[in-house]
Amino acid sequence: MSAVCLRLLLLLPLACCVPSPSRPPSRLCKRCCDHPETPAAAAQYQIPEVRTVINMTILKGDKGDRGDKGTLGKPGLEGAVGHRGPVGPKGTKGHAGSPGDACKIPHSSFSVGRRKSLHSIDYYQALVFDTVFVNLQEHFNMFKGKFYCYVPGIYFFNVNIHTWNFKETYLHLMHNDKEQVILYAQPSERSIMQSQSVMMDLALNDEVWVRLYKRERENAVYSDDVDVYITFNGYLLAPSIQ
């Protein structure tokens with residue numbers, strides 16, 4: 001009996017150490033030298049990362065210095081022509097300009113006639129005129145029957161004569177001492193009007209006149225005291241000095 005009691009006393013501590021299957025043990029036995037374990041819940045939780053964000057719109061500083069001028073960019077494409085704008089208002093009247101230099105246009109012209117007939121002689125004759133129609137500034141010398149150039153330039157000259165029937169008509173329009181053009185008509189039973197024209201480039205003091213041929217060629221020009229049959233005309237077309 002005593003042996004049975006002794007066995008029960010030895011098993012009693014073991015029975016106390018066995019955990020009850022109905023509830024979990026409240027504490028686990030661990031050795032002091034073991035490292036502490038991190039609970040499962042604590043292992044799953046992470047500390048959130050904290051970042052500082054600064055709102056730059058509220059931190060406005062002072063205005064900085066103006067920067068250097070940049071390089072000129074490439075020109076763009078040419079645009080289309082725009083519509084014409086409306087007519088603007090009429091401007092104010094401008095000031096009168098300063099007076100210009102006096103403009104002098106040179107002139108030179110003459111028109112003369114002869115009322116007397118003329119026959120050839122042993123030497124050449126200058127055809128002298130006795131009637132003046134125009135003689136601007138007296139450039140035509142009525143005594144010598146010559147036009148003197150006082151305004152260099154281009155001139156136009158014209159001679160009109162009436163032939164003598166059965167006689168030859170033979171004249172030259174002269175530039176100084178040189179023949180320029182001839183005025184000629186053969187002998188005929190009928191007298192006719194003949195004309196000759198020419199343009200000449202004259203220098204200062206040049207002479208232009210009409211010359212009748214000498215007697216070796218029997219010739220004459222006709223006129224009378226009633227009408228003017230012989231005329232000599234000339235005028236300046238373009239002066240050389242503007």
# chains A, B, ... in the order shown; residues from 1 in each chain; ligands from 1
call {"tool": "select_by_dssp", "arguments": {"residues": "segment 95-139 of chain A", "states": "strand (DSSP E)", "output": "list in words"}}
result
Ser109, Phe110, Ser111, Val112, Gly113, Arg114, Leu118, His119, Gln125, Ala126, Thr131, Val132, Phe133, Val134 and Asn135 of chain A
call {"tool": "residues_around", "arguments": {"residues": "Val208 of chain A", "least_positions_apart": "4", "cutoff": "10 Å", "atoms": "only C-alpha atoms", "output": "PyMOL selection string"}}
result
chain A and resi 140+145-149+157+173-180+200+202+234
call {"tool": "write_last_selection", "arguments": {"atoms": "N, CA and C atoms", "output": "JSON list (two decimals), in the first residue's frame"}}
result
[["chain", "number", "residue", "atom", "x", "y", "z"],
["A", 140, "PHE", "N", 19.16, 135.70, -138.37],
["A", 140, "PHE", "CA", 19.35, 135.68, -139.82],
["A", 140, "PHE", "C", 19.77, 137.07, -140.29],
["A", 145, "GLY", "N", 22.25, 137.45, -146.36],
["A", 145, "GLY", "CA", 21.45, 136.28, -146.74],
["A", 145, "GLY", "C", 21.90, 135.01, -146.03],
["A", 146, "LYS", "N", 22.44, 135.14, -144.80],
["A", 146, "LYS", "CA", 22.97, 133.98, -144.08],
["A", 146, "LYS", "C", 22.39, 133.90, -142.67],
["A", 147, "PHE", "N", 22.18, 132.65, -142.23],
["A", 147, "PHE", "CA", 21.77, 132.38, -140.85],
["A", 147, "PHE", "C", 23.03, 132.06, -140.03],
["A", 148, "TYR", "N", 23.16, 132.76, -138.89],
["A", 148, "TYR", "CA", 24.30, 132.54, -137.99],
["A", 148, "TYR", "C", 23.82, 131.80, -136.74],
["A", 149, "CYS", "N", 24.54, 130.76, -136.39],
["A", 149, "CYS", "CA", 24.14, 129.93, -135.24],
["A", 149, "CYS", "C", 24.67, 130.56, -133.95],
["A", 157, "PHE", "N", 16.07, 122.96, -141.80],
["A", 157, "PHE", "CA", 16.06, 124.02, -142.82],
["A", 157, "PHE", "C", 15.24, 123.57, -144.02],
["A", 173, "LEU", "N", 22.19, 124.21, -150.76],
["A", 173, "LEU", "CA", 22.06, 124.69, -149.39],
["A", 173, "LEU", "C", 23.41, 124.46, -148.72],
["A", 174, "MET", "N", 24.02, 125.54, -148.23],
["A", 174, "MET", "CA", 25.41, 125.50, -147.77],
["A", 174, "MET", "C", 25.50, 125.50, -146.23],
["A", 175, "HIS", "N", 26.47, 124.72, -145.71],
["A", 175, "HIS", "CA", 26.86, 124.76, -144.30],
["A", 175, "HIS", "C", 28.28, 125.30, -144.27],
["A", 176, "ASN", "N", 28.42, 126.55, -143.86],
["A", 176, "ASN", "CA", 29.68, 127.28, -144.00],
["A", 176, "ASN", "C", 30.07, 127.30, -145.48],
["A", 177, "ASP", "N", 31.19, 126.71, -145.88],
["A", 177, "ASP", "CA", 31.58, 126.70, -147.30],
["A", 177, "ASP", "C", 31.40, 125.34, -147.96],
["A", 178, "LYS", "N", 30.62, 124.47, -147.35],
["A", 178, "LYS", "CA", 30.46, 123.13, -147.90],
["A", 178, "LYS", "C", 29.01, 122.89, -148.32],
["A", 179, "GLU", "N", 28.84, 122.32, -149.55],
["A", 179, "GLU", "CA", 27.50, 122.00, -150.02],
["A", 179, "GLU", "C", 26.90, 120.86, -149.21],
["A", 180, "GLN", "N", 25.65, 121.02, -148.82],
["A", 180, "GLN", "CA", 24.95, 119.98, -148.06],
["A", 180, "GLN", "C", 23.93, 119.24, -148.94],
["A", 200, "MET", "N", 20.53, 119.79, -139.76],
["A", 200, "MET", "CA", 21.97, 119.97, -139.58],
["A", 200, "MET", "C", 22.29, 120.12, -138.09],
["A", 202, "LEU", "N", 24.58, 122.06, -135.84],
["A", 202, "LEU", "CA", 25.37, 123.28, -135.95],
["A", 202, "LEU", "C", 26.13, 123.57, -134.65],
["A", 234, "GLY", "N", 14.16, 128.12, -141.23],
["A", 234, "GLY", "CA", 14.98, 127.30, -140.35],
["A", 234, "GLY", "C", 14.61, 127.52, -138.90]]
call {"tool": "residues_around", "arguments": {"residues": "Val151 of chain A", "least_positions_apart": "5", "cutoff": "9 Å", "atoms": "only C-alpha atoms", "output": "PyMOL selection string"}}
result
chain A and resi 106-108+202-205+236+239-241
call {"tool": "write_last_selection", "arguments": {"atoms": "N, CA, C and O atoms", "output": "CSV table (one decimal), in the first residue's frame"}}
result
chain,number,residue,atom,x,y,z
A,106,PRO,N,16.3,127.9,-124.8
A,106,PRO,CA,16.8,128.7,-125.9
A,106,PRO,C,16.0,128.4,-127.2
A,106,PRO,O,15.5,127.3,-127.4
A,107,HIS,N,15.8,129.5,-127.9
A,107,HIS,CA,15.0,129.5,-129.2
A,107,HIS,C,15.8,130.1,-130.3
A,107,HIS,O,16.6,131.0,-130.0
A,108,SER,N,15.6,129.6,-131.5
A,108,SER,CA,16.2,130.2,-132.7
A,108,SER,C,15.4,129.8,-133.9
A,108,SER,O,15.3,128.6,-134.1
A,202,LEU,N,24.6,122.1,-135.8
A,202,LEU,CA,25.4,123.3,-135.9
A,202,LEU,C,26.1,123.6,-134.7
A,202,LEU,O,25.6,123.3,-133.6
A,203,ALA,N,27.3,124.1,-134.8
A,203,ALA,CA,28.1,124.6,-133.7
A,203,ALA,C,28.0,126.1,-133.7
A,203,ALA,O,27.4,126.8,-134.6
A,204,LEU,N,28.5,126.7,-132.6
A,204,LEU,CA,28.4,128.2,-132.4
A,204,LEU,C,29.1,128.9,-133.6
A,204,LEU,O,30.2,128.5,-134.0
A,205,ASN,N,28.4,129.9,-134.2
A,205,ASN,CA,28.9,130.7,-135.2
A,205,ASN,C,28.9,130.1,-136.6
A,205,ASN,O,29.5,130.6,-137.6
A,236,LEU,N,15.4,125.8,-134.6
A,236,LEU,CA,16.1,124.9,-133.7
A,236,LEU,C,15.2,123.8,-133.2
A,236,LEU,O,14.1,124.1,-132.7
A,239,PRO,N,18.5,122.0,-128.6
A,239,PRO,CA,19.8,122.6,-128.3
A,239,PRO,C,20.8,121.6,-127.7
A,239,PRO,O,20.4,120.6,-127.1
A,240,SER,N,22.1,121.9,-128.0
A,240,SER,CA,23.1,121.0,-127.4
A,240,SER,C,23.4,121.3,-126.0
A,240,SER,O,23.8,120.4,-125.2
A,241,ILE,N,23.2,122.5,-125.5
A,241,ILE,CA,23.4,122.9,-124.1
A,241,ILE,C,22.0,123.0,-123.4
A,241,ILE,O,21.2,123.8,-123.8
call {"tool": "closest_residue", "arguments": {"among": "A:Gly97, A:Thr231, A:Gly82, A:Glu207", "to": "Pro152 of chain A", "atoms": "only C-alpha atoms"}}
result
A:Glu207
call {"tool": "atom_distance", "arguments": {"atom1": "atom CA of Ala220 of chain A", "atom2": "atom CA of Gly113 of chain A"}}
result
16.1 Å
call {"tool": "residues_around", "arguments": {"residues": "Arg215 of chain A", "least_positions_apart": "3", "cutoff": "9 Å", "atoms": "only C-alpha atoms", "output": "VMD selection string"}}
result
chain A and resid 119 to 124 218 to 219
call {"tool": "residues_around", "arguments": {"residues": "Ile154 of chain A", "least_positions_apart": "3", "cutoff": "6 Å", "atoms": "only C-alpha atoms", "output": "NGL selection string"}}
result
:A and (200-201 or 237-238)
call {"tool": "atom_distance", "arguments": {"atom1": "atom CA of Phe129 of chain A", "atom2": "atom CA of Asn141 of chain A"}}
result
9.4 Å
call {"tool": "atom_distance", "arguments": {"atom1": "atom CA of Leu183 of chain A", "atom2": "atom CA of Val159 of chain A"}}
result
8.3 Å
